[in-house]
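Coordinates as given in model00.txt (compact mmCIF, C-alpha atoms):
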# COMPACT_ATOMS: atom_id res chain seq x y z
CA MET A 81 -129.94 25.67 -139.53
CA SER A 82 -127.77 28.70 -138.75
CA ARG A 83 -129.13 32.17 -138.06
CA THR A 84 -127.19 33.46 -141.08
CA THR A 85 -129.01 31.00 -143.35
CA LEU A 86 -132.35 32.10 -141.88
CA ALA A 87 -131.53 35.76 -142.52
CA THR A 88 -129.95 35.50 -145.96
CA PHE A 89 -131.90 32.63 -147.55
CA ILE A 90 -135.09 31.64 -145.70
CA LEU A 91 -136.29 35.20 -144.98
CA PRO A 92 -135.86 36.47 -148.58
CA LEU A 93 -137.52 33.29 -149.90
CA ALA A 94 -140.49 33.84 -147.57
CA LEU A 95 -140.77 37.47 -148.74
CA ILE A 96 -140.77 36.38 -152.39
CA LEU A 97 -143.44 33.75 -151.74
CA GLY A 98 -145.45 36.40 -149.90
CA LEU A 99 -145.23 38.68 -152.95
CA LEU A 100 -146.37 35.83 -155.20
CA VAL A 101 -149.38 34.97 -153.00
CA THR A 102 -150.37 38.63 -152.60
CA LEU A 103 -150.33 39.24 -156.35
CA LEU A 104 -152.30 36.05 -157.01
CA VAL A 105 -154.97 37.21 -154.54
CA LEU A 106 -155.07 40.72 -156.03
CA SER A 107 -155.28 39.48 -159.62
CA GLY A 108 -159.03 38.87 -159.23
CA SER A 109 -159.57 42.61 -158.68
CA LEU A 110 -157.39 43.75 -161.60
CA GLY A 111 -158.27 44.11 -165.24
CA PRO A 112 -156.84 41.96 -168.04
CA GLU A 113 -153.64 44.06 -168.05
CA VAL A 114 -151.67 46.21 -165.62
CA ALA A 115 -149.21 49.00 -166.37
CA THR A 116 -145.65 48.09 -165.43
CA HIS A 117 -143.51 50.83 -167.01
CA TRP A 118 -143.79 54.58 -167.48
CA ASN A 119 -141.98 57.05 -169.74
CA LEU A 120 -140.28 60.27 -168.65
CA ASP A 121 -143.61 62.11 -168.83
CA GLY A 122 -145.19 59.65 -166.38
CA GLU A 123 -147.33 58.01 -169.06
CA PRO A 124 -147.60 54.19 -169.05
CA ASP A 125 -145.80 52.61 -171.99
CA GLY A 126 -145.40 49.03 -170.80
CA PHE A 127 -148.09 46.50 -169.85
CA ILE A 128 -148.35 42.86 -168.83
CA SER A 129 -151.21 40.44 -168.52
CA THR A 130 -152.59 40.18 -165.01
CA ARG A 131 -152.33 36.41 -165.18
CA GLY A 132 -148.58 36.50 -165.83
CA LEU A 133 -147.75 39.34 -163.43
CA PRO A 134 -147.43 37.33 -160.18
CA TRP A 135 -145.07 34.78 -161.71
CA LEU A 136 -142.97 37.35 -163.54
CA ALA A 137 -142.63 39.63 -160.50
CA ALA A 138 -141.79 36.78 -158.11
CA GLY A 139 -139.49 35.13 -160.66
CA PHE A 140 -137.60 38.35 -161.34
CA THR A 141 -137.20 39.03 -157.62
CA ALA A 142 -135.97 35.50 -157.00
CA LEU A 143 -133.51 35.78 -159.89
CA VAL A 144 -132.05 38.97 -158.44
CA VAL A 145 -132.12 38.09 -154.74
CA MET A 146 -131.70 34.35 -154.25
CA PRO A 147 -128.25 33.82 -155.85
CA LEU A 148 -126.93 36.51 -153.52
CA GLY A 149 -128.69 34.88 -150.57
CA VAL A 150 -127.20 31.48 -151.43
CA LEU A 151 -123.74 33.00 -151.82
CA ILE A 152 -123.84 34.72 -148.42
CA ALA A 153 -125.53 31.79 -146.66
CA ARG A 154 -122.86 29.32 -147.79
CA SER A 155 -120.08 31.69 -146.77
CA LYS A 156 -119.93 31.35 -142.99
CA ARG A 157 -117.25 34.05 -142.68
CA SER A 158 -116.98 37.53 -144.12
CA ILE A 159 -114.33 40.21 -143.71
CA ILE A 160 -116.08 42.91 -145.75
CA ALA A 161 -119.16 44.36 -143.98
CA PRO A 162 -120.51 41.06 -142.59
CA ARG A 163 -123.69 42.65 -141.18
CA GLY A 164 -124.35 44.64 -144.36
CA LEU A 165 -124.01 41.56 -146.55
CA THR A 166 -126.33 39.58 -144.31
CA ALA A 167 -129.02 42.25 -144.58
CA LEU A 168 -128.77 42.78 -148.35
CA PRO A 169 -130.92 39.88 -149.74
CA ALA A 170 -133.93 40.67 -147.50
CA ALA A 171 -133.53 44.39 -148.17
CA MET A 172 -133.61 43.81 -151.93
CA ALA A 173 -136.60 41.45 -151.67
CA MET A 174 -138.58 43.99 -149.65
CA PHE A 175 -137.58 46.87 -151.93
CA ILE A 176 -138.63 45.09 -155.13
CA GLY A 177 -141.79 43.65 -153.58
CA VAL A 178 -143.10 46.97 -152.25
CA LEU A 179 -142.11 48.71 -155.49
CA VAL A 180 -144.25 46.23 -157.44
CA LEU A 181 -147.18 46.33 -155.03
CA SER A 182 -147.14 50.14 -154.82
CA SER A 183 -147.56 50.25 -158.59
CA VAL A 184 -150.15 47.46 -158.83
CA VAL A 185 -152.51 48.09 -155.88
CA PRO A 186 -153.67 51.54 -157.13
CA GLN A 187 -154.75 49.86 -160.39
CA ILE A 188 -157.36 47.70 -158.63
CA ASP A 189 -160.83 48.12 -160.19
CA LEU A 190 -159.53 50.37 -163.00
CA ASP A 191 -161.05 49.79 -166.42
CA GLU A 192 -158.91 49.42 -169.55
CA GLN A 193 -158.88 53.17 -170.17
CA GLY A 194 -157.90 53.82 -166.56
CA VAL A 195 -154.95 51.44 -166.79
CA ARG A 196 -153.83 53.06 -170.07
CA THR A 197 -153.68 56.47 -168.40
CA PHE A 198 -152.62 55.43 -164.88
CA SER A 199 -149.61 57.21 -163.41
CA THR A 200 -147.80 56.22 -160.20
CA GLY A 201 -147.45 58.68 -157.34
CA TRP A 202 -144.25 60.26 -156.06
CA TRP A 203 -144.43 58.14 -152.91
CA VAL A 204 -143.73 54.80 -154.62
CA MET A 205 -139.93 54.99 -154.55
CA PRO A 206 -139.71 56.36 -150.96
CA ALA A 207 -142.07 53.60 -149.80
CA ALA A 208 -139.89 50.96 -151.46
CA LEU A 209 -136.74 52.43 -149.89
CA VAL A 210 -138.33 52.41 -146.43
CA ALA A 211 -139.38 48.79 -146.98
CA GLY A 212 -135.81 47.92 -147.92
CA VAL A 213 -134.56 49.42 -144.67
CA VAL A 214 -137.17 47.44 -142.73
CA GLY A 215 -136.12 44.23 -144.50
CA ALA A 216 -132.46 44.93 -143.71
CA GLY A 217 -133.29 45.55 -140.06
CA LEU A 218 -135.29 42.33 -139.79
CA ALA A 219 -132.48 40.29 -141.38
CA THR A 220 -129.90 41.88 -139.08
CA LEU A 221 -132.06 41.09 -136.06
CA ILE A 222 -132.45 37.46 -137.11
CA ALA A 223 -128.76 36.98 -137.91
CA GLY A 224 -127.52 38.53 -134.67
CA ARG A 225 -124.03 39.89 -134.18
CA PRO A 226 -121.29 38.31 -136.34
CA GLU A 227 -118.89 36.05 -134.48
CA THR A 228 -115.53 37.56 -133.57
CA PRO A 229 -112.63 35.57 -135.06
CA PRO A 230 -110.35 33.96 -132.47
CA SER A 231 -107.14 35.75 -131.52
CA THR A 232 -103.73 34.14 -131.95
CA ASP A 233 -100.12 34.88 -131.05
CA ALA A 234 -98.63 32.28 -133.39
CA PRO A 235 -95.65 33.36 -135.56
CA ALA A 236 -95.71 33.54 -139.33
CA THR A 237 -95.32 30.34 -141.31
CA PRO A 238 -91.69 29.14 -141.65
CA GLU A 239 -91.65 29.62 -145.42
CA ALA A 240 -92.80 33.26 -145.24
CA ARG A 241 -90.23 35.87 -146.26
CA ARG A 242 -89.38 38.19 -143.35
CA TYR A 243 -88.53 41.90 -143.43
CA PRO A 244 -85.29 42.56 -141.49
CA LEU A 245 -86.04 44.23 -138.15
CA GLU A 246 -83.51 44.77 -135.41
CA GLY A 247 -84.15 45.01 -131.70
CA ASN A 248 -87.37 46.85 -130.99
CA GLN A 249 -87.74 48.24 -134.51
CA VAL A 250 -91.28 48.40 -135.88
CA ALA A 251 -92.14 48.68 -139.57
CA SER A 252 -95.26 49.56 -141.48
CA TRP A 253 -96.24 49.93 -145.12
CA THR A 254 -98.72 52.29 -146.76
CA GLY A 255 -99.74 52.47 -150.38
CA GLN A 256 -102.58 52.39 -152.87
CA THR A 257 -104.41 49.70 -154.73
CA ALA A 258 -103.27 49.18 -158.30
CA ALA A 259 -104.63 51.56 -160.93
CA GLY A 260 -108.02 50.35 -162.16
CA ARG A 261 -107.85 51.40 -165.80
CA THR A 262 -110.84 49.27 -166.74
CA LEU A 263 -112.90 51.04 -164.08
CA TYR A 264 -111.78 54.46 -165.34
CA ALA A 265 -112.94 53.52 -168.83
CA LEU A 266 -116.21 52.10 -167.48
CA ALA A 267 -116.92 55.32 -165.57
CA ALA A 268 -116.28 57.39 -168.71
CA ILE A 269 -118.51 55.15 -170.85
CA THR A 270 -121.28 55.34 -168.23
CA PHE A 271 -121.19 59.12 -168.09
CA ILE A 272 -121.04 59.50 -171.87
CA GLY A 273 -123.88 57.03 -172.39
CA PHE A 274 -126.16 58.80 -169.93
CA GLY A 275 -125.01 62.14 -171.33
CA ILE A 276 -126.25 61.14 -174.78
CA SER A 277 -129.54 60.04 -173.19
CA ALA A 278 -129.77 63.45 -171.52
CA LEU A 279 -129.38 65.20 -174.86
CA LEU A 280 -132.09 63.02 -176.39
CA THR A 281 -134.51 63.12 -173.46
CA SER A 282 -134.04 65.30 -170.39
CA TRP A 283 -131.16 66.92 -168.50
CA TRP A 284 -132.03 65.07 -165.29
CA MET A 285 -130.49 61.94 -166.80
CA LEU A 286 -127.16 63.55 -165.89
CA ILE A 287 -127.97 62.96 -162.20
CA PRO A 288 -127.82 59.12 -162.37
CA ALA A 289 -124.88 59.48 -164.79
CA THR A 290 -122.89 61.45 -162.23
CA LEU A 291 -123.93 59.15 -159.39
CA LEU A 292 -123.02 55.92 -161.19
CA ALA A 293 -119.74 57.33 -162.51
CA THR A 294 -118.82 58.46 -159.00
CA ILE A 295 -119.62 55.04 -157.53
CA ILE A 296 -117.47 53.36 -160.17
CA LEU A 297 -114.56 55.76 -159.62
CA THR A 298 -114.67 55.29 -155.84
CA SER A 299 -114.32 51.54 -156.49
CA SER A 300 -111.11 52.15 -158.44
CA HIS A 301 -108.98 53.62 -155.66
CA PHE A 302 -108.30 52.46 -152.09
CA SER A 303 -105.64 53.29 -149.51
CA VAL A 304 -103.87 50.26 -148.00
CA SER A 305 -101.78 50.04 -144.83
CA ALA A 306 -100.03 47.10 -143.19
CA GLY A 307 -98.41 47.44 -139.79
CA PRO A 308 -98.68 46.78 -136.04
CA GLY A 309 -102.43 47.47 -136.16
CA GLY A 310 -102.98 44.83 -138.84
CA VAL A 311 -104.09 45.32 -142.44
CA ARG A 312 -106.46 48.16 -143.29
CA VAL A 313 -108.11 49.20 -146.56
CA ALA A 314 -110.05 52.48 -146.88
CA GLY A 315 -111.96 54.21 -149.67
CA VAL A 316 -111.12 57.64 -151.07
CA VAL A 317 -113.06 59.45 -148.33
CA GLY A 318 -112.15 56.98 -145.59
CA PHE A 319 -115.23 54.89 -146.30
CA PRO A 320 -115.80 52.03 -146.74
CA THR A 321 -113.11 50.63 -144.43
CA VAL A 322 -111.99 47.01 -144.13
CA THR A 323 -109.70 46.08 -141.23
CA VAL A 324 -108.12 42.81 -140.11
CA PRO A 325 -106.44 43.32 -136.68
CA LEU A 326 -102.99 41.82 -136.16
CA GLU A 327 -104.23 39.37 -133.52
CA GLN A 328 -106.77 37.94 -135.98
CA ILE A 329 -104.29 37.37 -138.82
CA GLU A 330 -103.17 33.81 -139.57
CA SER A 331 -100.94 34.71 -142.51
CA VAL A 332 -100.19 37.41 -145.09
CA GLU A 333 -98.79 36.38 -148.47
CA ALA A 334 -98.00 37.79 -151.88
CA GLY A 335 -100.34 36.17 -154.40
CA SER A 336 -102.55 36.99 -157.35
CA VAL A 337 -106.25 37.35 -158.13
CA LYS A 338 -108.51 37.43 -161.18
CA ALA A 339 -111.50 39.78 -161.35
CA ARG A 340 -113.63 37.18 -163.10
CA SER A 341 -113.30 34.93 -160.04
CA PHE A 342 -115.22 37.57 -158.09
CA GLY A 343 -117.54 38.73 -160.86
CA GLY A 344 -116.13 42.26 -161.19
CA TRP A 345 -114.29 45.02 -159.37
CA GLY A 346 -114.58 46.96 -156.12
CA LEU A 347 -115.50 45.33 -152.80
CA ARG A 348 -116.39 41.81 -153.85
CA LYS A 349 -117.33 38.39 -152.47
CA GLY A 350 -116.50 35.36 -154.58
CA PHE A 351 -118.40 32.11 -154.94
CA SER A 352 -115.69 30.43 -152.87
CA GLY A 353 -116.66 32.67 -149.94
CA ASP A 354 -113.47 34.76 -150.09
CA ASP A 355 -113.54 38.57 -150.08
CA ALA A 356 -111.58 40.97 -152.27
CA VAL A 357 -110.78 44.63 -152.81
CA LEU A 358 -110.32 44.52 -156.57
CA THR A 359 -109.25 47.27 -158.95
CA ARG A 360 -107.77 44.94 -161.56
CA SER A 361 -106.55 41.38 -162.03
CA GLY A 362 -102.96 40.58 -161.11
CA PRO A 363 -100.68 40.68 -158.05
CA ALA A 364 -102.47 40.86 -154.71
CA LEU A 365 -101.83 40.86 -150.99
CA VAL A 366 -103.60 37.80 -149.55
CA VAL A 367 -104.65 38.07 -145.89
CA THR A 368 -105.92 34.91 -144.17
CA ARG A 369 -107.79 35.40 -140.92
CA THR A 370 -107.77 32.98 -137.99
CA ASP A 371 -111.26 31.72 -138.87
CA GLY A 372 -110.18 30.86 -142.42
CA ALA A 373 -111.70 33.93 -144.11
CA ARG A 374 -109.47 35.27 -146.86
CA LEU A 375 -109.10 38.80 -148.25
CA TYR A 376 -107.41 39.64 -151.57
CA ILE A 377 -106.15 43.22 -152.08
CA THR A 378 -104.83 44.20 -155.50
CA ILE A 379 -101.53 46.08 -155.13
CA ASP A 380 -98.59 46.22 -157.54
CA ASP A 381 -95.87 44.93 -155.18
CA PRO A 382 -97.42 42.76 -152.45
CA ALA A 383 -94.11 41.10 -151.47
CA LYS A 384 -92.89 43.99 -149.29
CA PRO A 385 -96.02 44.45 -147.11
CA ALA A 386 -96.29 40.65 -146.87
CA SER A 387 -92.72 40.43 -145.52
CA ILE A 388 -93.34 43.27 -143.05
CA MET A 389 -96.46 41.54 -141.74
CA ALA A 390 -94.55 38.24 -141.40
CA SER A 391 -91.99 39.94 -139.18
CA LEU A 392 -94.74 41.55 -137.12
CA LEU A 393 -96.49 38.19 -136.72
CA ASP A 394 -93.24 36.79 -135.37
CA ARG A 395 -92.99 39.67 -132.88
CA ARG A 396 -96.30 38.84 -131.26
CA ALA A 397 -95.26 35.24 -130.52
How does this structure look as structure tokens?
Amino acid sequence: MSRTTLATFILPLALILGLLVTLLVLSGSLGPEVATHWNLDGEPDGFISTRGLPWLAAGFTALVVMPLGVLIARSKRSIIAPRGLTALPAAMAMFIGVLVLSSVVPQIDLDEQGVRTFSTGWWVMPAALVAGVVGAGLATLIAGRPETPPSTDAPATPEARRYPLEGNQVASWTGQTAAGRTLYALAAITFIGFGISALLTSWWMLIPATLLATIILTSSHFSVSAGPGGVRVAGVVGFPTVTVPLEQIESVEAGSVKARSFGGWGLRKGFSGDDAVLTRSGPALVVTRTDGARLYITIDDPAKPASIMASLLDRRA
């Protein structure tokens, strides 16, 4: 069993089982029901039977975490943030588990009236965030450093189209990912939807509206460069950054990609194990690394940067 499988699948599974066992043990000290949801005034407005709580909490956590763990565990290579992806399943399992326990433990020995009026403390969310960081650190420690792909000086494939270079000429290409119109619309819908909620409830709903809209918009625009340093993709503020050095590139081709194959837009990992920087479906620059990992980048005219990279691959031979 690989260290990646231990970190992304076995560790999250153990954390979920630990949550289940802990809640089963605590259920004997809880009343018939526990509060599980609170309104904007901090008053409980959602309850669940104590008997069903352990299975629901563990089942929900498994439903959220384990598909991601399976996806990352079966993908032995990753171009986009390999260490961050490895840490994500355990971080999510710890976050959800501590969030649940922080809300349930204070309800021990409360009578029915106490549960009906119980309000969680301000420390619940910070405690869950800290737990998530701890889970991420543990997974990273277990997984170890990601393997460095082998270097190569092989030329581009014979069928690749070359960009004409003479003598010692060097070429490079810079551009942007294709316009993500769907993401623009999604950001607008998100902000409007939360804005309506703010009018009906409280102004602070505009905070998550702005945050989510910003996250969506930053996933709709990336800078792309292809040249002697390899292929590099960077977000609007220079982060996140994805780089494939020239010596680790097996091939660069003009291809196409569909967003549904990766389950959405932005920085994505597909069920095939490939990575993508997606702003829409359509033409894409396809970079294959020496270890077989593949990166799709949605740009409008991938043929030109692909031809430039083919000529640069020939130069290193």
What does the distance between CA of Gln328 (chain A) and CA of Leu245 (chain A) come to in Å, to one decimal place?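 Separation between CA of Gln328 (chain A) and CA of Leu245 (chain A): 21.8 Å.
Here CA of Val311 (chain A) and CA of Arg360 (chain A) stand 19.5 Å from one another.
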From the options A:Thr88, A:Gly149, A:Ile188, A:Gly201, which residue's atoms come nearest to Glu123 (chain A), counting all atoms listed in the file?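 Closest to Glu123 (chain A), using all atoms listed in the file: A:Gly201.
Distance annotation: of A:Pro147, A:Gly255, A:Gly217, A:Pro186, the residue with the minimal separation from Ala115 (chain A) is A:Pro186; atom set is all atoms listed in the file.
One distance worth recording is that between CA of Met389 (chain A) and CA of Arg241 (chain A), which is 9.6 Å.
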Rank nothing, just name the residue among A:Asn248, A:Ser231, A:Thr220, A:Gln256 nearest to Thr166 (chain A), using only C-alpha atoms.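 Checking each candidate against Thr166 (chain A), we get A:Thr220 as the closest.
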Closest of A:Ile388, A:Ile160, A:Asp354, A:Glu333 to Val313 (chain A) - atom-to-atom distances counting all atoms listed in the file: A:Ile160
Non-local contacts of Val367 (chain A) (7 Å; all atoms listed in the file; under 5 positions in same chain excluded) as a list in words: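 These residues fall inside the cut-off: Ser331, Val332, Glu333, Arg374, Leu375 and Tyr376 of chain A.
Shortest separation to Pro169 (chain A) among A:Val304, A:Ile269, A:Leu93, A:Val184 occurs at residue A:Leu93, atoms counted being all atoms listed in the file.
Of the residues listed (A:Ile377, A:Ala364, A:Glu113, A:Thr323), A:Glu113 shows the shortest atom-to-atom separation from Gln193 (chain A); distances use all atoms listed in the file.
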Need the shell around Leu95 (chain A): protein/DNA/RNA residues with any atom at most 8 Å away, counting only C-alpha atoms. Skip same-chain ones fewer than 2 positions apart. Format as a list in words?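 Listed by chain and then number, they are Leu91, Pro92, Leu93, Leu97, Gly98, Leu99, Ala170, Ala173, Met174 and Gly177 of chain A.
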